[in-house]
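Engineer: Structure file my_file04.cif (mmCIF, C-alpha atoms and all ligand atoms) is given on the next line.
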data_protein
#
loop_
_atom_site.label_atom_id
_atom_site.label_comp_id
_atom_site.auth_asym_id
_atom_site.auth_seq_id
_atom_site.Cartn_x
_atom_site.Cartn_y
_atom_site.Cartn_z
CA MET C 172 10.61 -19.21 -22.27
CA PHE C 173 12.09 -20.57 -19.06
CA LEU C 174 14.18 -18.34 -16.80
CA ALA C 175 15.76 -18.97 -13.39
CA THR C 176 15.39 -15.86 -11.24
CA HIS C 177 19.16 -15.86 -10.55
CA ASP C 178 19.76 -15.53 -14.31
CA PRO C 179 21.06 -12.00 -15.13
CA ARG C 180 18.33 -11.75 -17.80
CA TYR C 181 15.67 -11.82 -15.04
CA ARG C 182 14.18 -8.34 -14.53
CA ALA C 183 12.05 -7.12 -11.65
CA SER C 184 9.67 -5.56 -14.20
CA LEU C 185 8.87 -9.05 -15.49
CA PHE C 186 7.65 -10.06 -12.03
CA THR C 187 5.74 -6.82 -11.37
CA SER C 188 3.87 -7.05 -14.67
CA ILE C 189 2.90 -10.68 -14.00
CA VAL C 190 1.86 -10.39 -10.34
CA ALA C 191 -0.62 -7.68 -11.23
CA PRO C 192 -2.79 -5.75 -10.79
CA ARG C 193 -1.70 -5.04 -7.23
CA PRO C 194 -3.82 -2.87 -4.92
CA ILE C 195 -1.98 0.12 -3.53
CA GLY C 196 -1.63 0.60 0.22
CA TRP C 197 -1.14 4.34 0.65
CA VAL C 198 0.40 4.22 4.10
CA SER C 199 0.42 7.11 6.57
CA THR C 200 2.56 7.03 9.72
CA ILE C 201 4.20 9.34 12.22
CA GLY C 202 7.80 9.14 13.34
CA GLY C 203 9.05 9.00 16.91
CA ASP C 204 9.43 12.79 16.53
CA GLY C 205 5.70 13.15 15.75
CA ARG C 206 6.22 14.14 12.10
CA ALA C 207 3.82 12.66 9.55
CA ASN C 208 4.85 10.50 6.59
CA LEU C 209 2.89 9.17 3.61
CA ALA C 210 3.98 6.72 0.87
CA PRO C 211 2.41 4.18 -1.53
CA PHE C 212 3.21 0.45 -1.45
CA SER C 213 1.86 -1.89 -4.11
CA PHE C 214 3.29 -5.02 -2.55
CA PHE C 215 0.22 -4.72 -0.40
CA ASN C 216 -2.82 -6.86 0.24
CA GLY C 217 -5.37 -8.05 2.75
CA ILE C 218 -4.56 -11.41 4.30
CA SER C 219 -7.75 -12.07 6.28
CA SER C 220 -11.17 -10.42 6.77
CA THR C 221 -12.09 -11.90 10.16
CA PRO C 222 -10.02 -10.67 11.84
CA PRO C 223 -9.19 -7.97 9.30
CA MET C 224 -5.44 -8.13 8.67
CA LEU C 225 -3.21 -6.81 5.90
CA MET C 226 0.42 -6.58 4.83
CA PHE C 227 2.75 -4.39 2.83
CA SER C 228 6.36 -4.87 1.86
CA ASN C 229 9.34 -2.51 1.84
CA ASN C 230 12.41 -2.94 -0.34
CA LYS C 231 15.54 -1.47 1.23
CA PRO C 232 16.32 1.89 -0.44
CA GLU C 233 19.86 2.75 -1.54
CA ASP C 234 20.25 5.83 0.67
CA ARG C 235 18.89 4.55 4.03
CA PRO C 236 18.67 1.25 5.92
CA GLU C 237 14.91 1.15 5.23
CA LYS C 238 12.04 3.33 4.06
CA ASP C 239 10.71 5.89 6.54
CA THR C 240 7.31 4.22 6.63
CA VAL C 241 8.77 1.03 8.07
CA THR C 242 11.06 2.87 10.49
CA ASN C 243 7.99 4.76 11.76
CA VAL C 244 5.88 1.61 12.07
CA ARG C 245 8.64 -0.08 14.07
CA ALA C 246 8.87 3.01 16.35
CA THR C 247 5.14 3.56 16.96
CA GLY C 248 3.46 0.20 16.25
CA GLU C 249 0.79 1.99 14.22
CA PHE C 250 -0.13 3.01 10.68
CA CYS C 251 -3.10 3.86 8.48
CA VAL C 252 -3.82 2.58 4.96
CA ASN C 253 -5.59 5.07 2.70
CA LEU C 254 -7.31 4.05 -0.53
CA ALA C 255 -5.49 5.31 -3.64
CA THR C 256 -8.09 6.28 -6.25
CA TRP C 257 -8.18 7.62 -9.81
CA ALA C 258 -8.95 11.12 -8.45
CA LEU C 259 -5.94 10.94 -6.11
CA ARG C 260 -3.45 9.39 -8.55
CA GLU C 261 -1.22 12.46 -8.91
CA PRO C 262 -0.90 13.30 -5.18
CA MET C 263 -0.40 9.56 -4.48
CA ASN C 264 2.46 9.45 -6.96
CA ALA C 265 3.96 12.67 -5.54
CA THR C 266 4.23 10.99 -2.13
CA SER C 267 6.51 8.29 -3.59
CA ASP C 268 9.27 10.85 -4.10
CA THR C 269 12.53 10.08 -2.28
CA VAL C 270 12.85 12.81 0.33
CA PRO C 271 14.93 13.02 3.54
CA HIS C 272 13.60 11.39 6.72
CA GLY C 273 11.33 13.81 8.57
CA VAL C 274 9.88 15.44 5.43
CA ASP C 275 6.08 15.39 5.66
CA GLU C 276 4.79 14.11 2.28
CA PHE C 277 1.28 15.39 3.15
CA ALA C 278 2.70 18.93 3.05
CA LEU C 279 4.96 18.14 0.08
CA ALA C 280 2.04 16.97 -2.08
CA GLY C 281 -0.55 19.44 -0.72
CA ILE C 282 -2.65 16.68 0.85
CA GLU C 283 -5.09 17.57 3.63
CA LYS C 284 -4.83 15.52 6.84
CA ALA C 285 -7.74 14.16 8.88
CA PRO C 286 -7.37 12.67 12.35
CA CYS C 287 -7.56 8.96 13.13
CA GLU C 288 -9.37 7.65 16.21
CA PHE C 289 -7.32 4.70 17.51
CA VAL C 290 -3.89 5.51 16.05
CA ARG C 291 -1.89 8.73 16.29
CA CYS C 292 -0.96 9.17 12.64
CA PRO C 293 -3.16 11.25 10.32
CA ARG C 294 -5.12 9.89 7.35
CA VAL C 295 -5.73 11.35 3.88
CA ALA C 296 -8.87 13.49 4.24
CA ALA C 297 -9.81 13.21 0.54
CA SER C 298 -9.51 9.42 0.36
CA PRO C 299 -12.88 7.59 0.38
CA VAL C 300 -11.50 4.94 2.77
CA ALA C 301 -8.90 4.74 5.51
CA LEU C 302 -8.00 1.66 7.56
CA GLU C 303 -6.50 2.30 10.98
CA CYS C 304 -3.97 -0.43 11.79
CA LYS C 305 -1.95 -1.71 14.74
CA LEU C 306 1.30 -3.49 13.98
CA LEU C 307 1.25 -7.27 14.39
CA ARG C 308 4.76 -8.10 13.22
CA VAL C 309 7.58 -7.02 10.92
CA VAL C 310 9.26 -9.94 9.18
CA ASP C 311 12.73 -9.17 7.79
CA PHE C 312 14.08 -10.96 4.72
CA PRO C 313 17.79 -10.30 4.16
CA ALA C 314 19.05 -10.15 0.56
CA GLN C 315 20.46 -13.48 -0.64
CA GLY C 316 22.86 -12.13 -3.24
CA GLU C 317 24.50 -8.99 -4.57
CA ARG C 318 21.69 -8.30 -7.03
CA GLU C 319 19.05 -8.47 -4.30
CA ARG C 320 17.87 -6.03 -1.65
CA ASP C 321 16.74 -6.59 1.92
CA SER C 322 12.98 -6.60 2.38
CA ALA C 323 10.74 -6.14 5.38
CA VAL C 324 7.10 -7.19 5.36
CA VAL C 325 4.79 -5.37 7.76
CA PHE C 326 1.71 -7.19 9.03
CA GLY C 327 -1.06 -5.19 10.67
CA ARG C 328 -4.47 -5.66 12.19
CA VAL C 329 -7.18 -3.24 11.08
CA VAL C 330 -8.77 -1.74 14.20
CA ALA C 331 -11.08 0.81 12.55
CA VAL C 332 -12.45 1.70 9.12
CA HIS C 333 -13.36 5.17 7.83
CA ILE C 334 -15.66 5.25 4.78
CA ALA C 335 -16.95 8.58 3.46
CA ASP C 336 -20.77 8.35 3.50
CA GLU C 337 -21.17 9.16 -0.20
CA TYR C 338 -19.32 5.93 -1.08
CA LEU C 339 -21.84 3.70 0.72
CA ASP C 340 -24.78 2.46 -1.35
CA ALA C 341 -28.36 1.96 -0.10
CA GLN C 342 -27.42 -1.52 1.26
CA GLY C 343 -24.44 -0.11 3.16
CA ARG C 344 -21.94 -1.66 0.73
CA PHE C 345 -18.82 0.14 -0.42
CA ASP C 346 -19.41 1.58 -3.92
CA VAL C 347 -16.17 0.53 -5.61
CA LEU C 348 -17.18 1.89 -9.04
CA LYS C 349 -17.73 5.31 -7.53
CA ALA C 350 -14.41 5.25 -5.65
CA GLN C 351 -12.43 3.94 -8.66
CA PRO C 352 -9.42 2.50 -6.82
CA ILE C 353 -6.25 2.28 -8.90
CA ALA C 354 -3.90 -0.69 -9.00
CA ARG C 355 -0.27 -1.04 -9.99
CA LEU C 356 1.06 -3.10 -12.89
CA GLY C 357 4.68 -3.31 -14.10
CA GLY C 358 6.80 -0.24 -14.77
CA PHE C 359 4.76 2.96 -14.68
CA GLN C 360 1.52 1.24 -15.66
CA TYR C 361 -1.68 1.31 -13.60
CA LEU C 362 -5.27 0.10 -13.89
CA ARG C 363 -8.40 1.77 -12.59
CA VAL C 364 -11.52 -0.12 -11.57
CA GLU C 365 -14.22 0.75 -14.10
CA SER C 366 -16.37 -2.35 -14.51
CA LEU C 367 -17.56 -5.27 -12.42
CA PHE C 368 -18.92 -8.75 -13.05
CA GLU C 369 -20.32 -11.34 -10.65
CA ILE C 370 -19.90 -15.12 -10.56
CA PRO C 371 -21.95 -16.81 -7.83
CA ARG C 372 -20.16 -19.59 -5.95
CA PRO C 373 -21.12 -23.19 -6.78
CA ALA C 374 -24.08 -24.16 -4.58
CA LYS C 375 -22.00 -26.63 -2.53
CA GLY C 376 -18.83 -24.54 -2.45
CA GLY C 377 -17.31 -24.43 1.01
CA GLY C 378 -15.24 -21.83 2.83
C1 LIG K 401 2.33 3.10 -6.91
C2 LIG K 401 3.61 2.87 -6.15
C3 LIG K 401 3.80 1.67 -5.48
C4 LIG K 401 4.98 1.44 -4.75
N1 LIG K 401 5.13 0.24 -4.11
C5 LIG K 401 6.24 0.00 -3.38
C6 LIG K 401 6.39 -1.24 -2.70
O1 LIG K 401 5.54 -2.13 -2.76
N2 LIG K 401 7.51 -1.43 -1.95
C7 LIG K 401 8.47 -0.47 -1.85
O2 LIG K 401 9.46 -0.68 -1.15
N3 LIG K 401 8.34 0.74 -2.48
C8 LIG K 401 7.25 0.99 -3.24
N4 LIG K 401 7.09 2.19 -3.88
C9 LIG K 401 8.11 3.24 -3.67
C10 LIG K 401 7.86 3.99 -2.37
O3 LIG K 401 6.59 4.61 -2.36
C11 LIG K 401 8.95 5.08 -2.21
O4 LIG K 401 10.20 4.44 -2.06
C12 LIG K 401 8.71 6.05 -1.08
O5 LIG K 401 9.62 7.12 -1.21
C13 LIG K 401 8.88 5.46 0.28
O6 LIG K 401 8.64 6.51 1.20
P1 LIG K 401 9.10 6.51 2.71
O7 LIG K 401 10.62 6.41 2.73
O8 LIG K 401 8.59 7.83 3.18
O9 LIG K 401 8.47 5.33 3.39
C14 LIG K 401 5.97 2.44 -4.67
C15 LIG K 401 5.79 3.65 -5.37
C16 LIG K 401 4.63 3.85 -6.12
C17 LIG K 401 4.44 5.15 -6.88
#
Show me the file's structure as structure tokens.
Ligand SMILES: Cc1cc2nc3c(=O)[nH]c(=O)nc-3n(C[C@H](O)[C@H](O)[C@H](O)COP(=O)(O)O)c2cc1C
Structural biologist:
Amino acid sequence: MFLATHDPRYRASLFTSIVAPRPIGWVSTIGGDGRANLAPFSFFNGISSTPPMLMFSNNKPEDRPEKDTVTNVRATGEFCVNLATWALREPMNATSDTVPHGVDEFALAGIEKAPCEFVRCPRVAASPVALECKLLRVVDFPAQGERERDSAVVFGRVVAVHIADEYLDAQGRFDVLKAQPIARLGGFQYLRVESLFEIPRPAKGGG
């Protein structure tokens, strides 16, 4: 099969099931009015570890110029990325509901807040990990045709990391099998991390 992406037979679900699994950035923010917001973004990833930087991407919704998360990040210059795990899959999904600006999805989904240290927004108390972030840049990509939507990619620098003590092993490493992060595939499909394998780098491998 060969398909140009401007061909009407191209479907977004084809792309999202191929570029997968995608980690989920469960992003908490506050608005200029101080109200909290929480939403998942699977067009999310780390882009560097030293310095620690990450990104997530917003597709313009039909009812507003952009998603509340991005509006809040532009207004405050801050956000927090919480780890979405198997145990938190239902509340995470509940926070993706389309609700009017100013609705606090923490309250909507019955999620307890915990304070951050360097940013003003709250984090998800029950999540094993939270990454406090300062905005580096928002890059806007206007739609290039009627079938497309505007996108905005948010780049942030991680300024602090919260890890619940019970998820650190004896060597101080994050116990990913205990946390069981979930990842997004196409459609409504997800994966959960349940097994690991290791492949040492070639002895002379660089970088
Ligand atoms: C697992 C999951 C991943 C999602 N990933 C994205 C994404 O990468 N980009 C996006 O624009 N919306 C994504 N969404 C939809 C948003 O979470 C949803 O539009 C949400 O209502 C946005 O909230 P906000 O307006 O409060 O920011 C995702 C939803 C789910 C359940």
Engineer: Using only C-alpha atoms and all ligand atoms, determine which residues fall within 7 Å of ligand LIG 401 (chain K), then list them as a list in words.
Structural biologist: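 For ligand LIG 401 (chain K), the residues inside 7 Å are Ile195, Asn208, Leu209, Ala210, Pro211, Phe212, Ser213, Phe214, Phe215, Phe227, Ser228, Asn229, Asn230, Lys231, Pro232, Lys238, Asp239, Thr240, Val241, Met263, Asn264, Thr266, Ser267, Asp268, Thr269, Val270 and Arg355 of chain C.
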Engineer: Under the rule that only C-alpha atoms are counted, which of C:Ile218, C:Ala191, C:Cys292, C:Ala255 is the nearest residue to C:Gly203?
Structural biologist: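 Residue with the minimum atom-to-atom distance to C:Gly203: C:Cys292.
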Engineer: With only C-alpha atoms as the atoms that count, which of C:Ala175, C:Gln315, C:Asp204, C:Phe186 lies nearest to C:Gly357?
Structural biologist: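 For C:Gly357, the nearest of the given residues is C:Phe186.
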Engineer: What does the distance from atom CA of C:Val198 to atom CA of C:Gly343 come to in Å, to one decimal?
Structural biologist: 25.2 Å
Engineer: Looking at C:Val309, C:Val295, C:Met226, C:Ala280, which one is nearest to C:Gly248, with distances taken over all atoms listed in the file?
Structural biologist: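 Smallest separation from C:Gly248 among the options: C:Val309.
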Engineer: Taking all atoms listed in the file into account, which of C:Ile201, C:Val252, C:Leu356, C:Val290 comes nearest C:Val274?
Structural biologist: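 Closest residue, counting all atoms listed in the file: C:Ile201.
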Engineer: Please provide as a VMD selection string all residues within 12 Å of stretch 331-339 of chain C, with the sequence filter that same-chain residues fewer than 5 positions apart are discarded (counting all atoms listed in the file).
Structural biologist: chain C and resid 222 to 224 250 to 254 285 to 290 294 to 305 344 to 352
Engineer: Write the residues you've just listed into a file as an mmCIF file, keeping the file's coordinate frame, and include C-alpha atoms for each of them.
Structural biologist:
data_model
loop_
_atom_site.group_PDB
_atom_site.id
_atom_site.type_symbol
_atom_site.label_atom_id
_atom_site.label_comp_id
_atom_site.auth_asym_id
_atom_site.auth_seq_id
_atom_site.Cartn_x
_atom_site.Cartn_y
_atom_site.Cartn_z
ATOM 1 C CA PRO C 222 -10.020 -10.670 11.840
ATOM 2 C CA PRO C 223 -9.190 -7.970 9.300
ATOM 3 C CA MET C 224 -5.440 -8.130 8.670
ATOM 4 C CA PHE C 250 -0.130 3.010 10.680
ATOM 5 C CA CYS C 251 -3.100 3.860 8.480
ATOM 6 C CA VAL C 252 -3.820 2.580 4.960
ATOM 7 C CA ASN C 253 -5.590 5.070 2.700
ATOM 8 C CA LEU C 254 -7.310 4.050 -0.530
ATOM 9 C CA ALA C 285 -7.740 14.160 8.880
ATOM 10 C CA PRO C 286 -7.370 12.670 12.350
ATOM 11 C CA CYS C 287 -7.560 8.960 13.130
ATOM 12 C CA GLU C 288 -9.370 7.650 16.210
ATOM 13 C CA PHE C 289 -7.320 4.700 17.510
ATOM 14 C CA VAL C 290 -3.890 5.510 16.050
ATOM 15 C CA ARG C 294 -5.120 9.890 7.350
ATOM 16 C CA VAL C 295 -5.730 11.350 3.880
ATOM 17 C CA ALA C 296 -8.870 13.490 4.240
ATOM 18 C CA ALA C 297 -9.810 13.210 0.540
ATOM 19 C CA SER C 298 -9.510 9.420 0.360
ATOM 20 C CA PRO C 299 -12.880 7.590 0.380
ATOM 21 C CA VAL C 300 -11.500 4.940 2.770
ATOM 22 C CA ALA C 301 -8.900 4.740 5.510
ATOM 23 C CA LEU C 302 -8.000 1.660 7.560
ATOM 24 C CA GLU C 303 -6.500 2.300 10.980
ATOM 25 C CA CYS C 304 -3.970 -0.430 11.790
ATOM 26 C CA LYS C 305 -1.950 -1.710 14.740
ATOM 27 C CA ARG C 344 -21.940 -1.660 0.730
ATOM 28 C CA PHE C 345 -18.820 0.140 -0.420
ATOM 29 C CA ASP C 346 -19.410 1.580 -3.920
ATOM 30 C CA VAL C 347 -16.170 0.530 -5.610
ATOM 31 C CA LEU C 348 -17.180 1.890 -9.040
ATOM 32 C CA LYS C 349 -17.730 5.310 -7.530
ATOM 33 C CA ALA C 350 -14.410 5.250 -5.650
ATOM 34 C CA GLN C 351 -12.430 3.940 -8.660
ATOM 35 C CA PRO C 352 -9.420 2.500 -6.820
#
Engineer: From the structure just shown, export stretch 245-261 of chain C with N, CA, C and O atoms as an mmCIF file, in the first residue's frame.
Structural biologist:
data_model
loop_
_atom_site.group_PDB
_atom_site.id
_atom_site.type_symbol
_atom_site.label_atom_id
_atom_site.label_comp_id
_atom_site.auth_asym_id
_atom_site.auth_seq_id
_atom_site.Cartn_x
_atom_site.Cartn_y
_atom_site.Cartn_z
ATOM 1 N N ARG C 245 0.416 29.284 28.042
ATOM 2 C CA ARG C 245 0.808 30.587 27.465
ATOM 3 C C ARG C 245 0.663 31.688 28.519
ATOM 4 O O ARG C 245 1.479 32.606 28.595
ATOM 5 N N ALA C 246 -0.403 31.610 29.354
ATOM 6 C CA ALA C 246 -0.681 32.674 30.332
ATOM 7 C C ALA C 246 0.291 32.657 31.505
ATOM 8 O O ALA C 246 0.665 33.709 32.016
ATOM 9 N N THR C 247 0.700 31.459 31.944
ATOM 10 C CA THR C 247 1.488 31.354 33.188
ATOM 11 C C THR C 247 2.944 30.975 32.976
ATOM 12 O O THR C 247 3.774 31.179 33.855
ATOM 13 N N GLY C 248 3.245 30.349 31.813
ATOM 14 C CA GLY C 248 4.624 29.917 31.551
ATOM 15 C C GLY C 248 5.017 28.689 32.362
ATOM 16 O O GLY C 248 6.216 28.392 32.485
ATOM 17 N N GLU C 249 4.030 27.957 32.871
ATOM 18 C CA GLU C 249 4.330 26.823 33.749
ATOM 19 C C GLU C 249 3.376 25.668 33.499
ATOM 20 O O GLU C 249 2.226 25.884 33.105
ATOM 21 N N PHE C 250 3.820 24.459 33.807
ATOM 22 C CA PHE C 250 2.938 23.288 33.814
ATOM 23 C C PHE C 250 3.627 22.153 34.550
ATOM 24 O O PHE C 250 4.808 22.240 34.904
ATOM 25 N N CYS C 251 2.867 21.091 34.786
ATOM 26 C CA CYS C 251 3.420 19.915 35.457
ATOM 27 C C CYS C 251 2.956 18.688 34.685
ATOM 28 O O CYS C 251 1.793 18.620 34.267
ATOM 29 N N VAL C 252 3.867 17.734 34.457
ATOM 30 C CA VAL C 252 3.515 16.495 33.762
ATOM 31 C C VAL C 252 3.467 15.360 34.782
ATOM 32 O O VAL C 252 4.457 15.068 35.440
ATOM 33 N N ASN C 253 2.292 14.744 34.902
ATOM 34 C CA ASN C 253 2.080 13.651 35.843
ATOM 35 C C ASN C 253 2.116 12.342 35.077
ATOM 36 O O ASN C 253 1.665 12.270 33.930
ATOM 37 N N LEU C 254 2.644 11.286 35.712
ATOM 38 C CA LEU C 254 2.723 9.993 35.033
ATOM 39 C C LEU C 254 1.353 9.310 35.060
ATOM 40 O O LEU C 254 0.761 9.123 36.126
ATOM 41 N N ALA C 255 0.877 8.930 33.869
ATOM 42 C CA ALA C 255 -0.393 8.196 33.769
ATOM 43 C C ALA C 255 -0.072 6.705 33.895
ATOM 44 O O ALA C 255 0.739 6.169 33.137
ATOM 45 N N THR C 256 -0.677 6.044 34.850
ATOM 46 C CA THR C 256 -0.370 4.636 35.135
ATOM 47 C C THR C 256 -1.626 3.770 34.997
ATOM 48 O O THR C 256 -2.747 4.279 34.921
ATOM 49 N N TRP C 257 -1.407 2.462 34.997
ATOM 50 C CA TRP C 257 -2.515 1.500 34.926
ATOM 51 C C TRP C 257 -3.541 1.809 36.018
ATOM 52 O O TRP C 257 -4.736 1.861 35.765
ATOM 53 N N ALA C 258 -3.060 2.059 37.246
ATOM 54 C CA ALA C 258 -3.982 2.301 38.370
ATOM 55 C C ALA C 258 -4.798 3.577 38.171
ATOM 56 O O ALA C 258 -5.909 3.696 38.686
ATOM 57 N N LEU C 259 -4.251 4.523 37.406
ATOM 58 C CA LEU C 259 -4.911 5.824 37.235
ATOM 59 C C LEU C 259 -5.597 5.972 35.878
ATOM 60 O O LEU C 259 -5.968 7.077 35.473
ATOM 61 N N ARG C 260 -5.748 4.839 35.153
ATOM 62 C CA ARG C 260 -6.249 4.926 33.770
ATOM 63 C C ARG C 260 -7.648 5.542 33.681
ATOM 64 O O ARG C 260 -7.912 6.333 32.774
ATOM 65 N N GLU C 261 -8.535 5.200 34.610
ATOM 66 C CA GLU C 261 -9.908 5.718 34.507
ATOM 67 C C GLU C 261 -9.959 7.215 34.823
ATOM 68 O O GLU C 261 -10.538 7.987 34.057
#
